[in-house]
$ cat model.txt   # compact mmCIF, C-alpha atoms and all ligand atoms
# COMPACT_ATOMS: atom_id res chain seq x y z
CA MET A 1 10.86 12.78 13.70
CA SER A 2 13.66 10.74 12.19
CA GLU A 3 14.78 11.53 8.64
CA ASN A 4 13.83 8.03 7.53
CA GLN A 5 10.08 7.65 7.62
CA ILE A 6 10.29 3.89 7.18
CA SER A 7 13.32 2.08 8.52
CA ILE A 8 13.84 -1.67 8.10
CA ASN A 9 16.70 -3.42 9.81
CA LYS A 10 17.67 -7.07 9.28
CA LEU A 11 14.10 -8.09 8.62
CA SER A 12 13.46 -11.78 8.00
CA LYS A 13 10.29 -13.77 7.58
CA VAL A 14 9.92 -17.52 7.88
CA TYR A 15 6.31 -18.64 7.40
CA ASN A 16 4.83 -21.36 9.63
CA ASN A 17 5.48 -24.00 6.98
CA GLY A 18 9.20 -23.20 7.15
CA PHE A 19 9.34 -21.12 3.95
CA ASN A 20 11.85 -18.29 4.20
CA ALA A 21 10.16 -15.43 2.32
CA LEU A 22 12.48 -12.57 3.36
CA LYS A 23 16.13 -12.83 4.27
CA SER A 24 17.64 -10.00 6.32
CA ILE A 25 16.19 -7.00 4.47
CA ASN A 26 17.69 -3.57 5.18
CA LEU A 27 15.93 -0.55 3.77
CA ASN A 28 15.31 3.10 4.58
CA ILE A 29 12.67 5.21 2.90
CA LYS A 30 12.82 8.95 3.45
CA LYS A 31 9.90 11.29 3.90
CA GLY A 32 8.53 12.45 0.56
CA GLU A 33 10.25 9.68 -1.36
CA ILE A 34 8.37 7.69 -3.97
CA PHE A 35 9.59 4.14 -3.79
CA ALA A 36 8.82 1.22 -6.08
CA MET A 37 9.55 -2.46 -5.63
CA LEU A 38 9.95 -4.80 -8.56
CA GLY A 39 10.23 -8.56 -8.36
CA PRO A 40 8.76 -11.73 -9.86
CA ASN A 41 5.67 -13.42 -8.44
CA GLY A 42 6.52 -14.78 -5.03
CA ALA A 43 9.56 -12.54 -4.53
CA GLY A 44 8.21 -11.29 -1.19
CA LYS A 45 6.79 -7.85 -2.06
CA THR A 46 3.41 -8.40 -0.40
CA THR A 47 5.10 -10.06 2.58
CA LEU A 48 7.26 -6.99 3.12
CA ILE A 49 4.33 -4.56 2.80
CA SER A 50 2.19 -6.73 5.08
CA ILE A 51 4.86 -6.74 7.78
CA ILE A 52 5.21 -2.94 7.69
CA CYS A 53 1.41 -2.67 7.98
CA GLY A 54 1.33 -5.10 10.93
CA ILE A 55 -0.69 -7.75 9.10
CA VAL A 56 2.10 -10.33 9.03
CA LYS A 57 4.42 -10.87 11.99
CA PRO A 58 8.15 -10.61 11.29
CA SER A 59 10.36 -13.53 12.39
CA SER A 60 13.27 -11.25 13.26
CA GLY A 61 14.47 -7.72 12.68
CA ILE A 62 13.16 -4.26 13.45
CA VAL A 63 10.82 -2.03 11.45
CA THR A 64 9.97 1.52 12.46
CA VAL A 65 7.59 4.08 10.97
CA ASP A 66 8.28 7.69 12.00
CA GLY A 67 10.48 6.22 14.72
CA PHE A 68 7.67 4.05 16.15
CA ASP A 69 8.07 0.29 16.31
CA ILE A 70 5.54 -1.59 14.16
CA ILE A 71 4.87 -4.14 16.90
CA ASN A 72 5.13 -2.22 20.19
CA ASP A 73 3.57 0.96 18.78
CA TYR A 74 1.20 -0.70 16.33
CA ARG A 75 -1.61 1.87 16.59
CA GLU A 76 0.80 4.76 16.00
CA THR A 77 2.39 3.16 12.95
CA ARG A 78 -0.76 1.74 11.38
CA SER A 79 -2.63 5.05 11.58
CA ARG A 80 0.10 6.65 9.46
CA ILE A 81 -0.31 4.11 6.66
CA GLY A 82 -2.94 3.67 3.97
CA LEU A 83 -2.85 0.25 2.33
CA VAL A 84 -4.37 -0.67 -1.02
CA PRO A 85 -4.18 -4.46 -0.84
CA GLN A 86 -3.43 -6.79 -3.74
CA GLU A 87 -6.68 -8.71 -3.19
CA LEU A 88 -10.12 -7.09 -3.37
CA THR A 89 -11.45 -6.77 0.18
CA LEU A 90 -14.73 -4.90 0.05
CA GLU A 91 -18.14 -5.06 1.64
CA GLN A 92 -20.09 -5.93 -1.53
CA PHE A 93 -23.56 -5.06 -0.20
CA GLU A 94 -22.62 -1.64 1.21
CA THR A 95 -22.50 1.60 -0.76
CA VAL A 96 -19.29 3.22 -1.95
CA PHE A 97 -19.70 6.11 0.50
CA ASN A 98 -20.33 3.85 3.49
CA ASN A 99 -17.40 1.58 2.64
CA VAL A 100 -15.02 4.53 2.66
CA SER A 101 -16.54 6.20 5.75
CA TYR A 102 -16.38 2.94 7.66
CA SER A 103 -12.66 2.59 6.91
CA ARG A 104 -12.02 6.02 8.41
CA GLY A 105 -13.89 5.01 11.56
CA LEU A 106 -11.67 1.96 12.01
CA TYR A 107 -8.79 4.31 12.78
CA GLY A 108 -10.73 6.16 15.44
CA LYS A 109 -11.08 9.27 13.27
CA LYS A 110 -14.24 11.37 13.61
CA PRO A 111 -16.64 11.14 10.65
CA ASP A 112 -15.76 13.74 8.01
CA PRO A 113 -18.18 13.58 5.06
CA LYS A 114 -16.41 16.53 3.37
CA HIS A 115 -13.11 14.66 3.37
CA ILE A 116 -14.75 11.51 2.02
CA GLU A 117 -16.43 13.59 -0.70
CA LYS A 118 -13.09 15.13 -1.68
CA ILE A 119 -11.44 11.73 -2.06
CA LEU A 120 -14.36 10.27 -4.01
CA ARG A 121 -14.34 13.26 -6.38
CA GLN A 122 -10.58 12.93 -6.93
CA LEU A 123 -11.04 9.29 -7.86
CA SER A 124 -14.05 9.98 -10.12
CA LEU A 125 -16.30 7.97 -7.81
CA TRP A 126 -18.60 10.71 -6.57
CA ASP A 127 -21.39 9.83 -9.00
CA LYS A 128 -21.18 6.24 -7.75
CA LYS A 129 -21.30 7.08 -4.06
CA ASP A 130 -24.74 5.54 -3.45
CA GLN A 131 -24.15 2.41 -5.50
CA ARG A 132 -23.43 -0.88 -3.80
CA LEU A 133 -19.99 -2.32 -4.41
CA ARG A 134 -21.32 -5.32 -6.29
CA GLN A 135 -22.78 -2.89 -8.87
CA LEU A 136 -19.34 -1.50 -9.80
CA SER A 137 -16.86 -2.66 -12.41
CA GLY A 138 -13.55 -4.22 -11.38
CA GLY A 139 -11.58 -1.03 -12.03
CA MET A 140 -14.03 1.04 -10.04
CA LYS A 141 -13.70 -1.38 -7.12
CA ARG A 142 -9.96 -0.83 -7.29
CA ARG A 143 -10.57 2.91 -7.01
CA VAL A 144 -12.75 2.34 -3.95
CA LEU A 145 -9.82 0.50 -2.37
CA ILE A 146 -7.66 3.61 -2.93
CA ALA A 147 -10.36 5.82 -1.43
CA LYS A 148 -10.54 3.54 1.63
CA ALA A 149 -6.77 3.67 2.01
CA LEU A 150 -6.84 7.48 2.00
CA SER A 151 -9.90 7.81 4.25
CA HIS A 152 -7.98 8.27 7.51
CA GLU A 153 -5.53 10.80 6.04
CA PRO A 154 -2.36 8.69 6.20
CA SER A 155 1.06 10.14 5.40
CA ILE A 156 2.24 6.90 3.73
CA LEU A 157 0.38 5.11 0.97
CA PHE A 158 1.13 1.53 -0.04
CA LEU A 159 -0.22 0.35 -3.39
CA ASP A 160 0.18 -3.42 -3.68
CA GLU A 161 -0.60 -4.03 -7.38
CA PRO A 162 -3.91 -2.12 -7.35
CA THR A 163 -4.14 -2.10 -11.14
CA ALA A 164 -3.95 -5.89 -11.46
CA GLY A 165 -6.75 -7.14 -13.69
CA VAL A 166 -7.72 -3.78 -15.20
CA ASP A 167 -7.27 -2.87 -18.86
CA VAL A 168 -4.36 -0.79 -20.15
CA GLU A 169 -6.33 2.42 -20.70
CA LEU A 170 -7.94 2.30 -17.29
CA ARG A 171 -4.58 1.46 -15.75
CA LYS A 172 -3.03 4.61 -17.22
CA ASP A 173 -6.03 6.64 -16.13
CA MET A 174 -5.92 5.23 -12.61
CA TRP A 175 -2.23 5.87 -12.36
CA LYS A 176 -2.70 9.55 -13.28
CA LYS A 177 -5.38 9.81 -10.63
CA TYR A 178 -3.23 8.20 -7.94
CA VAL A 179 -0.48 10.68 -8.63
CA ALA A 180 -2.98 13.53 -8.50
CA VAL A 181 -4.33 12.33 -5.18
CA ILE A 182 -0.86 11.81 -3.82
CA LYS A 183 0.22 15.31 -4.80
CA VAL A 184 -2.81 16.76 -3.10
CA LYS A 185 -2.21 14.71 0.01
CA ASP A 186 1.58 15.05 -0.04
CA SER A 187 1.66 11.37 0.81
CA LYS A 188 4.55 9.08 0.23
CA LEU A 189 3.87 6.30 -2.22
CA VAL A 190 5.19 2.78 -1.96
CA THR A 191 4.24 0.58 -4.86
CA PRO A 192 5.26 -2.45 -6.87
CA ILE A 193 3.68 -1.04 -10.05
CA VAL A 194 6.00 -0.77 -13.02
CA GLU A 195 4.43 2.51 -14.19
CA ALA A 196 5.54 4.09 -10.95
CA MET A 197 9.12 3.75 -12.08
CA GLN A 198 8.86 6.88 -14.21
CA ALA A 199 8.58 8.88 -11.02
CA VAL A 200 11.19 7.00 -9.07
CA LEU A 201 14.84 7.92 -8.74
CA TRP A 202 15.98 4.63 -7.33
CA HIS A 203 14.53 1.25 -7.62
CA TYR A 204 15.13 -1.96 -5.87
CA VAL A 205 14.83 -5.47 -7.15
CA VAL A 206 13.71 -8.24 -4.88
CA SER A 207 15.89 -11.14 -5.88
CA ASP A 208 16.79 -14.27 -3.99
CA TYR A 209 14.50 -12.92 -1.24
CA ARG A 210 16.86 -10.03 -0.60
CA LEU A 211 16.46 -6.40 -1.68
CA LYS A 212 19.08 -5.29 -4.14
CA LYS A 213 19.55 -1.61 -4.82
CA ASN A 214 19.66 -0.82 -8.50
CA LYS A 215 21.17 2.57 -9.20
CA THR A 216 19.60 3.00 -12.62
CA LYS A 217 17.84 6.33 -12.92
CA TRP A 218 14.53 6.34 -14.79
N1 LIG B 1 0.95 -17.59 4.61
C1 LIG B 1 1.99 -18.09 3.93
N2 LIG B 1 2.52 -19.29 4.27
C2 LIG B 1 3.57 -19.78 3.60
N3 LIG B 1 4.17 -19.18 2.55
C3 LIG B 1 3.67 -18.00 2.17
C4 LIG B 1 2.56 -17.40 2.82
N4 LIG B 1 2.31 -16.21 2.22
C5 LIG B 1 3.21 -16.10 1.23
N5 LIG B 1 4.03 -17.17 1.20
C6 LIG B 1 5.13 -17.39 0.27
O1 LIG B 1 6.07 -16.34 0.39
C7 LIG B 1 6.59 -16.00 -0.89
C8 LIG B 1 6.39 -14.51 -1.12
O2 LIG B 1 5.00 -14.25 -1.30
P1 LIG B 1 4.48 -12.76 -1.55
O3 LIG B 1 3.01 -12.82 -1.60
O4 LIG B 1 5.12 -11.87 -0.56
O5 LIG B 1 5.10 -12.48 -3.00
P2 LIG B 1 4.90 -11.24 -3.98
O6 LIG B 1 6.27 -10.71 -4.30
O7 LIG B 1 3.93 -10.27 -3.42
O8 LIG B 1 4.31 -11.96 -5.28
P3 LIG B 1 3.22 -11.46 -6.37
O9 LIG B 1 3.99 -10.66 -7.38
O10 LIG B 1 2.74 -12.75 -6.95
O11 LIG B 1 2.16 -10.68 -5.66
C9 LIG B 1 5.89 -16.90 -1.90
O12 LIG B 1 6.72 -18.00 -2.20
C10 LIG B 1 4.64 -17.37 -1.16
O13 LIG B 1 4.23 -18.66 -1.57
MG MG B 2 2.10 -9.60 -4.00

$ encode --input "model.txt" --output "structure tokens" --more "lines below"
Ligand SMILES: Nc1ncnc2c1ncn2[C@@H]1O[C@H](COP(=O)(O)OP(=O)(O)OP(=O)(O)O)[C@@H](O)[C@H]1O
Ligand SMILES: [Mg+2]
Amino acid sequence: MSENQISINKLSKVYNNGFNALKSINLNIKKGEIFAMLGPNGAGKTTLISIICGIVKPSSGIVTVDGFDIINDYRETRSRIGLVPQELTLEQFETVFNNVSYSRGLYGKKPDPKHIEKILRQLSLWDKKDQRLRQLSGGMKRRVLIAKALSHEPSILFLDEPTAGVDVELRKDMWKKYVAVIKVKDSKLVTPIVEAMQAVLWHYVVSDYRLKKNKTKW
């Protein structure tokens, strides 16, 4: 396994309408590193995460995860990543437990109710396991998204603004829980959340659609 778990080389993205969202990004993230991205709305954070996850196609450049190419070895790379998306994407009429179990199945993993129970307990969702998604509050739905992202036991976790739209207290509480889950899982965390900066040695600023390394220590 290469030392860099995620390696991005001269990555650019031009959307179909001609908009150039990323301009020749170079970035390496090492195993065990907690990495945060900051940037204004529209800076390209979601675009970058989506490319690494294989949801958006890059226009040029190479991205590897554990040495596997995100396009040629898509199944290898995607199975290593848990993604908590910026937008809520949940099956509203299914239960919490089924939503999370189903996600695990999508990665070809055998059902493992014990693992699902562990995640739901860590995220304080166990008492809600039989409720349908539409019966949950917004913050709880965000937690379900985290549980789904962890369901297939990924080694990399992307959090794309999962606390958007939740109140300050809940946000702090959720953040503590993410860190707890991540410690348990020994997962790497990649997140645009400002709170994450406390745990981050380096941060990068997306500016002018390029990543700029900022050497400030937090
Ligand atoms: N499908 C698309 N077609 C054309 N342009 C797009 C598309 N998706 C995103 N963009 C543009 O690319 C730029 C980067 O968007 P992106 O969603 O990556 O930003 P972001 O940094 O995640 O912003 P936010 O903080 O608001 O979530 C924006 O200008 C956006 O309008
Ligand atoms: Mg975004």

$ closest_atom_pairs --input "model.txt" --of "chain A" --to "ligand LIG 1 (chain B)" --cutoff "9 Å" --atoms "all atoms listed in the file" --output "JSON lines"
{"residue": "A:Lys13", "atom": "CA", "partner": "B:LIG1", "partner_atom": "O1", "distance": 8.7}
{"residue": "A:Val14", "atom": "CA", "partner": "B:LIG1", "partner_atom": "C2", "distance": 8.0}
{"residue": "A:Tyr15", "atom": "CA", "partner": "B:LIG1", "partner_atom": "C2", "distance": 4.8}
{"residue": "A:Asn16", "atom": "CA", "partner": "B:LIG1", "partner_atom": "N2", "distance": 6.2}
{"residue": "A:Asn17", "atom": "CA", "partner": "B:LIG1", "partner_atom": "C2", "distance": 5.7}
{"residue": "A:Gly18", "atom": "CA", "partner": "B:LIG1", "partner_atom": "C2", "distance": 7.5}
{"residue": "A:Phe19", "atom": "CA", "partner": "B:LIG1", "partner_atom": "N3", "distance": 5.7}
{"residue": "A:Asn20", "atom": "CA", "partner": "B:LIG1", "partner_atom": "O1", "distance": 7.2}
{"residue": "A:Ala21", "atom": "CA", "partner": "B:LIG1", "partner_atom": "O1", "distance": 4.6}
{"residue": "A:Leu22", "atom": "CA", "partner": "B:LIG1", "partner_atom": "C8", "distance": 7.8}
{"residue": "A:Met37", "atom": "CA", "partner": "B:LIG1", "partner_atom": "O6", "distance": 9.0}
{"residue": "A:Leu38", "atom": "CA", "partner": "B:LIG1", "partner_atom": "O6", "distance": 8.2}
{"residue": "A:Gly39", "atom": "CA", "partner": "B:LIG1", "partner_atom": "O6", "distance": 6.1}
{"residue": "A:Pro40", "atom": "CA", "partner": "B:LIG1", "partner_atom": "O9", "distance": 5.5}
{"residue": "A:Asn41", "atom": "CA", "partner": "B:LIG1", "partner_atom": "O10", "distance": 3.4}
{"residue": "A:Gly42", "atom": "CA", "partner": "B:LIG1", "partner_atom": "O5", "distance": 3.4}
{"residue": "A:Ala43", "atom": "CA", "partner": "B:LIG1", "partner_atom": "O6", "distance": 3.8}
{"residue": "A:Gly44", "atom": "CA", "partner": "B:LIG1", "partner_atom": "O4", "distance": 3.2}
{"residue": "A:Lys45", "atom": "CA", "partner": "B:LIG1", "partner_atom": "O6", "distance": 3.7}
{"residue": "A:Thr46", "atom": "CA", "partner": "B:LIG1", "partner_atom": "O7", "distance": 3.6}
{"residue": "A:Thr47", "atom": "CA", "partner": "B:LIG1", "partner_atom": "O4", "distance": 3.6}
{"residue": "A:Leu48", "atom": "CA", "partner": "B:LIG1", "partner_atom": "O4", "distance": 6.5}
{"residue": "A:Ile49", "atom": "CA", "partner": "B:LIG1", "partner_atom": "O4", "distance": 8.1}
{"residue": "A:Ser50", "atom": "CA", "partner": "B:LIG1", "partner_atom": "O4", "distance": 8.2}
{"residue": "A:Val56", "atom": "CA", "partner": "B:LIG1", "partner_atom": "N1", "distance": 8.6}
{"residue": "A:Gln86", "atom": "CA", "partner": "B:LIG1", "partner_atom": "O11", "distance": 7.1}
{"residue": "A:Asp160", "atom": "CA", "partner": "B:LIG1", "partner_atom": "O11", "distance": 7.8}
{"residue": "A:Glu161", "atom": "CA", "partner": "B:LIG1", "partner_atom": "O11", "distance": 7.4}
{"residue": "A:Pro192", "atom": "CA", "partner": "B:LIG1", "partner_atom": "O9", "distance": 8.3}
{"residue": "A:Val206", "atom": "CA", "partner": "B:LIG1", "partner_atom": "O6", "distance": 7.9}
{"residue": "A:Tyr209", "atom": "CA", "partner": "B:LIG1", "partner_atom": "C8", "distance": 8.3}

$ atom_distance --input "model.txt" --atom1 "atom CA of Leu120 of chain A" --atom2 "atom CA of Ile70 of chain A"
29.4 Å

$ atom_distance --input "model.txt" --atom1 "atom CA of Gln122 of chain A" --atom2 "atom CA of Thr77 of chain A"
25.7 Å

$ atom_distance --input "model.txt" --atom1 "atom CA of Arg80 of chain A" --atom2 "atom CA of Thr95 of chain A"
25.3 Å

$ closest_residue --input "model.txt" --among "A:Val84, A:Ile146, A:Asp73, A:Lys10" --to "ligand MG 2 (chain B)" --atoms "all atoms listed in the file"
A:Val84

$ closest_residue --input "model.txt" --among "A:Asn98, A:Met140, A:Glu87, A:Lys114" --to "ligand MG 2 (chain B)" --atoms "all atoms listed in the file"
A:Glu87

$ closest_residue --input "model.txt" --among "A:Asn28, A:Val144, A:His152, A:Gly138" --to "Pro113 of chain A" --atoms "all atoms listed in the file"
A:His152

$ closest_residue --input "model.txt" --among "A:Ile62, A:Pro85, A:Lys141, A:Gly108" --to "ligand MG 2 (chain B)" --atoms "all atoms listed in the file"
A:Pro85

$ closest_residue --input "model.txt" --among "A:Arg75, A:Phe158, A:Lys30, A:Leu123" --to "ligand MG 2 (chain B)" --atoms "all atoms listed in the file"
A:Phe158

$ closest_residue --input "model.txt" --among "A:Ala149, A:Leu136, A:Ile25, A:Leu106" --to "Gln92 of chain A" --atoms "all atoms listed in the file"
A:Leu136
